[in-house]
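J.: My file is data01.cif. It has mmCIF, C-alpha atoms:
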```cif
data_upload
loop_
_atom_site.label_atom_id
_atom_site.label_comp_id
_atom_site.auth_asym_id
_atom_site.auth_seq_id
_atom_site.Cartn_x
_atom_site.Cartn_y
_atom_site.Cartn_z
CA MET A 248 -18.20 107.53 -26.42
CA SER A 249 -18.27 105.87 -29.76
CA MET A 250 -21.42 104.39 -31.03
CA LEU A 251 -19.61 101.02 -31.26
CA THR A 252 -18.95 100.93 -27.52
CA PRO A 253 -21.57 98.88 -25.70
CA PRO A 254 -23.29 100.65 -22.85
CA GLY A 255 -21.50 100.38 -19.53
CA MET A 256 -18.07 99.70 -21.04
CA GLY A 257 -15.32 102.18 -20.99
CA GLY A 258 -11.68 102.58 -20.11
CA LYS A 259 -9.41 100.14 -21.82
CA TYR A 260 -12.40 98.30 -23.26
CA ARG A 261 -13.58 101.32 -25.13
CA ILE A 262 -13.87 100.77 -28.86
CA THR A 263 -13.09 103.66 -31.10
CA GLY A 264 -13.17 104.14 -34.83
CA ASN A 265 -15.73 103.60 -37.53
CA ALA A 266 -14.87 99.97 -38.60
CA TYR A 267 -16.54 96.88 -37.27
CA PRO A 268 -14.25 94.39 -35.52
CA ARG A 269 -13.19 91.35 -37.61
CA MET A 270 -15.36 88.30 -36.95
CA ARG A 271 -14.45 84.57 -37.39
CA ARG A 272 -15.78 82.75 -40.44
CA PRO A 273 -18.81 80.64 -39.51
CA ARG A 274 -17.85 77.04 -38.82
CA HIS A 275 -20.92 75.42 -40.39
CA ARG A 276 -19.53 75.96 -43.91
CA ARG A 277 -16.39 73.92 -43.10
CA ARG A 278 -18.51 71.12 -41.74
CA ILE A 279 -20.51 70.99 -44.98
CA VAL A 280 -17.32 70.73 -47.04
CA LEU A 281 -15.89 67.92 -44.87
CA ALA A 282 -19.18 66.03 -44.98
CA ALA A 283 -19.27 66.28 -48.78
CA VAL A 284 -15.70 64.94 -49.10
CA ALA A 285 -16.48 62.05 -46.74
CA ALA A 286 -19.59 61.16 -48.76
CA VAL A 287 -17.60 61.07 -52.01
CA LEU A 288 -14.98 58.78 -50.46
CA ALA A 289 -17.66 56.47 -49.06
CA LEU A 290 -19.37 56.16 -52.45
CA GLY A 291 -16.03 55.43 -54.11
CA LEU A 292 -15.20 52.67 -51.62
CA ALA A 293 -18.68 51.16 -51.95
CA GLY A 294 -18.40 51.10 -55.74
CA TRP A 295 -14.95 49.47 -55.65
CA GLY A 296 -16.18 46.82 -53.20
CA THR A 297 -19.17 46.02 -55.40
CA VAL A 298 -16.92 45.50 -58.42
CA GLN A 299 -14.69 43.14 -56.42
CA LEU A 300 -17.66 41.07 -55.25
CA ILE A 301 -19.03 40.77 -58.78
CA ASP A 302 -15.57 39.79 -59.98
CA ILE A 303 -15.15 37.09 -57.33
CA PHE A 304 -18.63 35.53 -57.50
CA GLY A 305 -18.84 35.92 -61.26
CA GLY A 306 -15.62 33.92 -61.74
CA GLY A 307 -14.16 36.29 -64.24
CA GLY A 308 -11.21 38.52 -63.16
CA GLY A 309 -9.19 38.75 -60.02
CA ASP A 310 -5.97 37.00 -59.21
CA SER A 311 -7.62 33.58 -59.11
CA GLY A 312 -9.04 34.00 -62.61
CA ARG A 313 -5.73 35.20 -63.96
CA ARG A 314 -3.94 32.27 -62.33
CA THR A 315 -6.34 29.77 -63.88
CA THR A 316 -6.05 31.36 -67.31
CA ALA A 317 -2.28 31.45 -67.12
CA ALA A 318 -2.07 27.86 -65.90
CA GLY A 319 -4.53 26.58 -68.50
CA PRO A 320 -2.09 25.82 -71.34
CA ASP A 321 0.40 24.19 -68.94
CA CYS A 322 -2.33 22.07 -67.43
CA GLU A 323 -3.56 20.88 -70.83
CA ARG A 324 0.00 20.16 -71.95
CA ASP A 325 0.58 18.05 -68.82
CA ARG A 326 -2.65 16.15 -69.48
CA ARG A 327 -1.59 15.37 -73.02
CA ALA A 328 1.82 14.22 -71.78
CA THR A 329 0.38 11.85 -69.16
CA ARG A 330 -2.67 10.68 -71.09
CA PRO A 331 -2.24 6.97 -71.89
CA VAL A 332 -2.46 5.87 -75.50
CA VAL A 333 -5.44 3.63 -76.08
CA ALA A 334 -4.21 0.32 -77.44
CA ALA A 335 -5.82 -0.63 -80.73
CA ALA A 336 -7.53 -3.98 -81.05
CA GLN A 337 -5.20 -6.69 -82.33
CA ALA A 338 -5.94 -8.19 -85.73
CA LEU A 339 -5.96 -11.80 -84.55
CA PRO A 340 -7.16 -14.79 -86.54
CA LEU A 341 -10.37 -16.56 -85.60
CA PRO A 342 -10.09 -20.05 -84.09
CA ALA A 343 -11.51 -21.49 -87.32
CA ASP A 344 -8.60 -19.96 -89.24
CA ILE A 345 -6.02 -21.77 -87.09
CA THR A 346 -5.08 -25.34 -87.92
CA VAL A 347 -3.84 -27.16 -84.81
CA ASN A 348 -1.86 -30.42 -84.87
CA VAL A 349 -2.31 -32.17 -81.51
CA TYR A 350 0.47 -34.47 -80.28
CA ASN A 351 0.73 -36.45 -77.06
CA ALA A 352 4.14 -36.45 -75.39
CA THR A 353 2.94 -38.29 -72.26
CA PRO A 354 2.54 -42.00 -71.43
CA ARG A 355 -1.24 -41.53 -71.14
CA GLY A 356 -3.07 -42.98 -74.12
CA GLY A 357 -5.86 -41.19 -76.01
CA LEU A 358 -4.93 -37.73 -74.64
CA ALA A 359 -4.22 -36.25 -78.07
CA LYS A 360 -7.59 -37.32 -79.50
CA SER A 361 -9.71 -36.11 -76.58
CA THR A 362 -7.92 -32.75 -76.57
CA ALA A 363 -8.29 -32.41 -80.33
CA ASP A 364 -12.02 -33.12 -80.08
CA GLU A 365 -12.46 -30.44 -77.44
CA LEU A 366 -10.52 -27.87 -79.49
CA LYS A 367 -12.68 -28.71 -82.51
CA ARG A 368 -15.79 -28.13 -80.40
CA ARG A 369 -14.41 -24.68 -79.53
CA GLY A 370 -14.08 -23.74 -83.19
CA PHE A 371 -10.46 -24.63 -84.06
CA THR A 372 -9.53 -26.52 -87.22
CA ILE A 373 -7.79 -29.78 -86.38
CA GLY A 374 -4.91 -31.16 -88.47
CA LYS A 375 -2.78 -34.16 -87.45
CA VAL A 376 -3.44 -36.06 -84.21
CA GLY A 377 -1.06 -38.61 -82.68
CA ASN A 378 2.04 -39.19 -80.61
CA ALA A 379 4.69 -36.46 -80.32
CA PRO A 380 7.84 -36.55 -82.46
CA ALA A 381 10.93 -38.13 -80.91
CA ALA A 382 12.42 -34.71 -80.08
CA TYR A 383 9.52 -34.07 -77.67
CA ASP A 384 8.16 -37.50 -76.73
CA LYS A 385 8.28 -37.89 -72.91
CA LYS A 386 10.40 -34.71 -72.77
CA VAL A 387 7.76 -32.02 -72.09
CA ALA A 388 7.52 -31.49 -68.34
CA GLY A 389 5.07 -28.58 -68.45
CA PRO A 390 1.43 -28.55 -69.54
CA ALA A 391 2.27 -28.20 -73.25
CA VAL A 392 4.49 -26.74 -75.94
CA VAL A 393 3.00 -24.65 -78.75
CA LEU A 394 5.20 -24.83 -81.85
CA GLY A 395 4.92 -22.87 -85.11
CA ALA A 396 6.48 -20.42 -87.55
CA PRO A 397 7.73 -17.02 -86.28
CA ALA A 398 4.65 -15.30 -87.73
CA ALA A 399 2.46 -17.34 -85.37
CA THR A 400 3.77 -15.46 -82.32
CA LYS A 401 1.50 -12.52 -83.19
CA GLY A 402 -1.46 -14.52 -84.41
CA ALA A 403 -2.10 -18.19 -83.70
CA PHE A 404 -0.08 -18.45 -80.49
CA PRO A 405 -2.03 -15.86 -78.45
CA VAL A 406 -5.38 -17.30 -79.59
CA LEU A 407 -4.44 -20.91 -78.85
CA GLY A 408 -2.84 -19.80 -75.58
CA THR A 409 -6.24 -18.74 -74.24
CA GLN A 410 -7.28 -22.42 -74.28
CA LEU A 411 -4.41 -23.77 -72.21
CA LYS A 412 -2.72 -21.94 -69.38
CA GLY A 413 1.02 -22.39 -68.91
CA ALA A 414 1.89 -23.57 -72.42
CA THR A 415 5.41 -22.75 -73.66
CA ALA A 416 5.67 -21.10 -77.10
CA ARG A 417 8.49 -22.01 -79.48
CA THR A 418 9.18 -21.31 -83.15
CA ASP A 419 10.70 -23.39 -85.94
CA THR A 420 11.49 -22.97 -89.63
CA ARG A 421 8.24 -24.30 -91.10
CA ALA A 422 6.73 -22.41 -94.04
CA THR A 423 3.12 -23.36 -93.25
CA ALA A 424 0.67 -21.52 -90.98
CA ASP A 425 -0.38 -24.55 -88.91
CA VAL A 426 0.74 -24.89 -85.28
CA ASP A 427 1.53 -27.88 -83.09
CA LEU A 428 0.12 -28.41 -79.61
CA ILE A 429 2.39 -30.94 -77.90
CA ILE A 430 0.79 -32.10 -74.64
CA GLY A 431 3.21 -32.43 -71.70
CA THR A 432 3.30 -34.35 -68.44
CA ALA A 433 1.75 -31.54 -66.33
CA PHE A 434 -1.33 -31.30 -68.59
CA ARG A 435 -4.66 -31.91 -66.85
CA ALA A 436 -7.30 -30.29 -69.05
CA LEU A 437 -7.93 -27.34 -71.29
CA THR A 438 -8.99 -24.04 -69.73
CA PRO A 439 -12.76 -24.01 -69.05
CA MET A 440 -14.57 -22.73 -72.13
CA LYS A 441 -16.15 -19.75 -70.36
CA THR A 442 -12.77 -18.57 -69.06
CA ALA A 443 -11.11 -19.18 -72.43
CA ASN A 444 -13.78 -17.19 -74.28
CA ALA A 445 -13.36 -14.27 -71.86
CA ALA A 446 -9.58 -14.30 -72.36
CA LEU A 447 -10.03 -14.41 -76.15
CA ALA A 448 -12.44 -11.45 -76.03
CA ALA A 449 -9.93 -9.47 -73.93
CA LEU A 450 -7.28 -9.98 -76.62
CA THR A 451 -9.40 -8.28 -79.28
CA ARG A 452 -10.78 -5.48 -77.05
CA PRO A 453 -8.89 -2.14 -76.98
CA ALA A 454 -7.67 -1.00 -73.56
CA PRO A 455 -9.97 1.60 -71.94
CA ALA A 456 -8.68 5.16 -71.78
CA LYS A 457 -7.75 6.50 -68.36
CA GLN A 458 -9.35 9.82 -67.45
CA PRO A 459 -6.79 12.51 -66.64
CA ALA A 460 -6.81 13.93 -63.13
CA PRO A 461 -7.99 17.55 -62.78
CA CYS A 462 -5.20 20.09 -62.64
CA GLU A 463 -4.63 21.88 -59.37
CA ASP A 464 -3.97 25.57 -59.00
#
```
Just dump the structure as structure tokens.
T.:
Amino acid sequence: MSMLTPPGMGGKYRITGNAYPRMRRPRHRRRIVLAAVAAVLALGLAGWGTVQLIDIFGGGGGDSGRRTTAAGPDCERDRRATRPVVAAAQALPLPADITVNVYNATPRGGLAKSTADELKRRGFTIGKVGNAPAAYDKKVAGPAVVLGAPAATKGAFPVLGTQLKGATARTDTRATADVDLIIGTAFRALTPMKTANAALAALTRPAPAKQPAPCED
């Protein structure tokens, strides 16, 4: 019996020879290797997740950040394209710089004088006062006709128009800067002074700028 044969065993179970039988490699080493690989993968995933969270909450990277950066120039260009131009204040003459001739084209007596006195009280310079010329006498159906040189359409007409609503503006070939206010049949009174002053102030005030809407992603 060989010394390798356990006691009580024989026959076909008898072990002969001088070499030890081959044994399986211990399994605990494989488990250590697998555990180490799993730990490395877990650390890698944790690190990647941390970077993504910092990127998202920090507002600097990621797809959203790249989209905003890429859309920035287009957004600003759209804002410039839709941004309204602020209108500059008009260089209008003061009421004292406007000479107004007041004419009455109605059958009512004294209307030219009372209107001229009120315009003078509001700061206008008064020229001639009397009945309307034959071309307009009893022929003005509206509140009034404002008559002057073509240059008055951008100066005296808008200022005088704040004092009387519904007046019709017309031009002639005169070389002087004075304007005519020809009172018509529908005239009742000048615009209340408070309302007229507010309208005059609006003429010389630049239009407020409109704020552009925020761009959307």
J.: To one decimal place in Å, what is the distance between atom CA of A:Pro354 and atom CA of A:Ala433?
T.: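 Computing it gives 11.7 Å between the two atoms.
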J.: Tell me which protein, DNA and RNA residues are within 8 Å of stretch 367-374 of chain A, counting all atoms listed in the file, leaving out same-chain ones fewer than 2 positions away, and put them as an MDAnalysis selection string.
T.: chainID A and resid 342:349 363:365 376 440
J.: If I take atom CA of A:Pro340 and atom CA of A:Ala422, how far is one from the other in Å, to one decimal?
T.: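 Answer for the atom CA of A:Pro340 to atom CA of A:Ala422 separation: 17.5 Å.
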J.: Within 9 Å of (9.6, -25.7, -88.5), in the coordinates the file gives, what residues turn up when you count only C-alpha atoms, written out as number ranges by chain?
T.: A: 394-396, 418-423
J.: At most 10 Å from (-7.3, -9.9, -85.5), file frame, all atoms listed in the file: which residues, as a PyMOL selection string?
T.: chain A and resi 336-341+401-403+406+450-451
J.: If I take atom CA of A:Thr353 and atom CA of A:Asn444, how far is one from the other in Å, to one decimal?
T.: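 Between atom CA of A:Thr353 and atom CA of A:Asn444 the gap works out to 27.0 Å.
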J.: Taking into account all atoms listed in the file, which residue in the set A:Gly389, A:Gly408, A:Gly356, A:Pro397 is nearest to A:Ile430?
T.: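 The answer is A:Gly389, which sits nearest to A:Ile430.
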J.: Report as number ranges by chain all protein, DNA and RNA residues lying within 10 Å of A:Arg435, evaluated on only C-alpha atoms, omitting residues in the same chain fewer than 2 positions from it.
T.: A: 358, 390, 411, 430-433, 437-438
J.: Keeping only C-alpha atoms, take the residues you just selected and write them out as a PDB file, in the frame of the given file.
T.:
```pdb
ATOM      1  CA  LEU A 358      -4.930 -37.730 -74.640  1.00  0.00           C
ATOM      2  CA  PRO A 390       1.430 -28.550 -69.540  1.00  0.00           C
ATOM      3  CA  LEU A 411      -4.410 -23.770 -72.210  1.00  0.00           C
ATOM      4  CA  ILE A 430       0.790 -32.100 -74.640  1.00  0.00           C
ATOM      5  CA  GLY A 431       3.210 -32.430 -71.700  1.00  0.00           C
ATOM      6  CA  THR A 432       3.300 -34.350 -68.440  1.00  0.00           C
ATOM      7  CA  ALA A 433       1.750 -31.540 -66.330  1.00  0.00           C
ATOM      8  CA  LEU A 437      -7.930 -27.340 -71.290  1.00  0.00           C
ATOM      9  CA  THR A 438      -8.990 -24.040 -69.730  1.00  0.00           C
TER      10      THR A 438
END
```
J.: Between A:Leu428, A:Pro405, A:Thr400, A:Ser361, which residue has the minimum interatomic distance to A:Pro380, considering all atoms listed in the file?
T.: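 Once distances to A:Pro380 are computed over all atoms listed in the file, the minimum belongs to A:Leu428.
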J.: So that I can check the surroundings of A:Thr442, please list as a ChimeraX atom specification every protein, DNA and RNA residue that reaches within 9 Å of it, counting all atoms listed in the file and ignoring chain neighbours fewer than 4 positions away.
T.: /A:409-410,438,446-447
J.: Could you check which of A:Arg452, A:Ile279, A:Ala352, A:Phe434 is closest to A:Tyr383, using all atoms listed in the file?
T.: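 When distances to A:Tyr383 are compared using all atoms listed in the file, the smallest one comes from A:Ala352.
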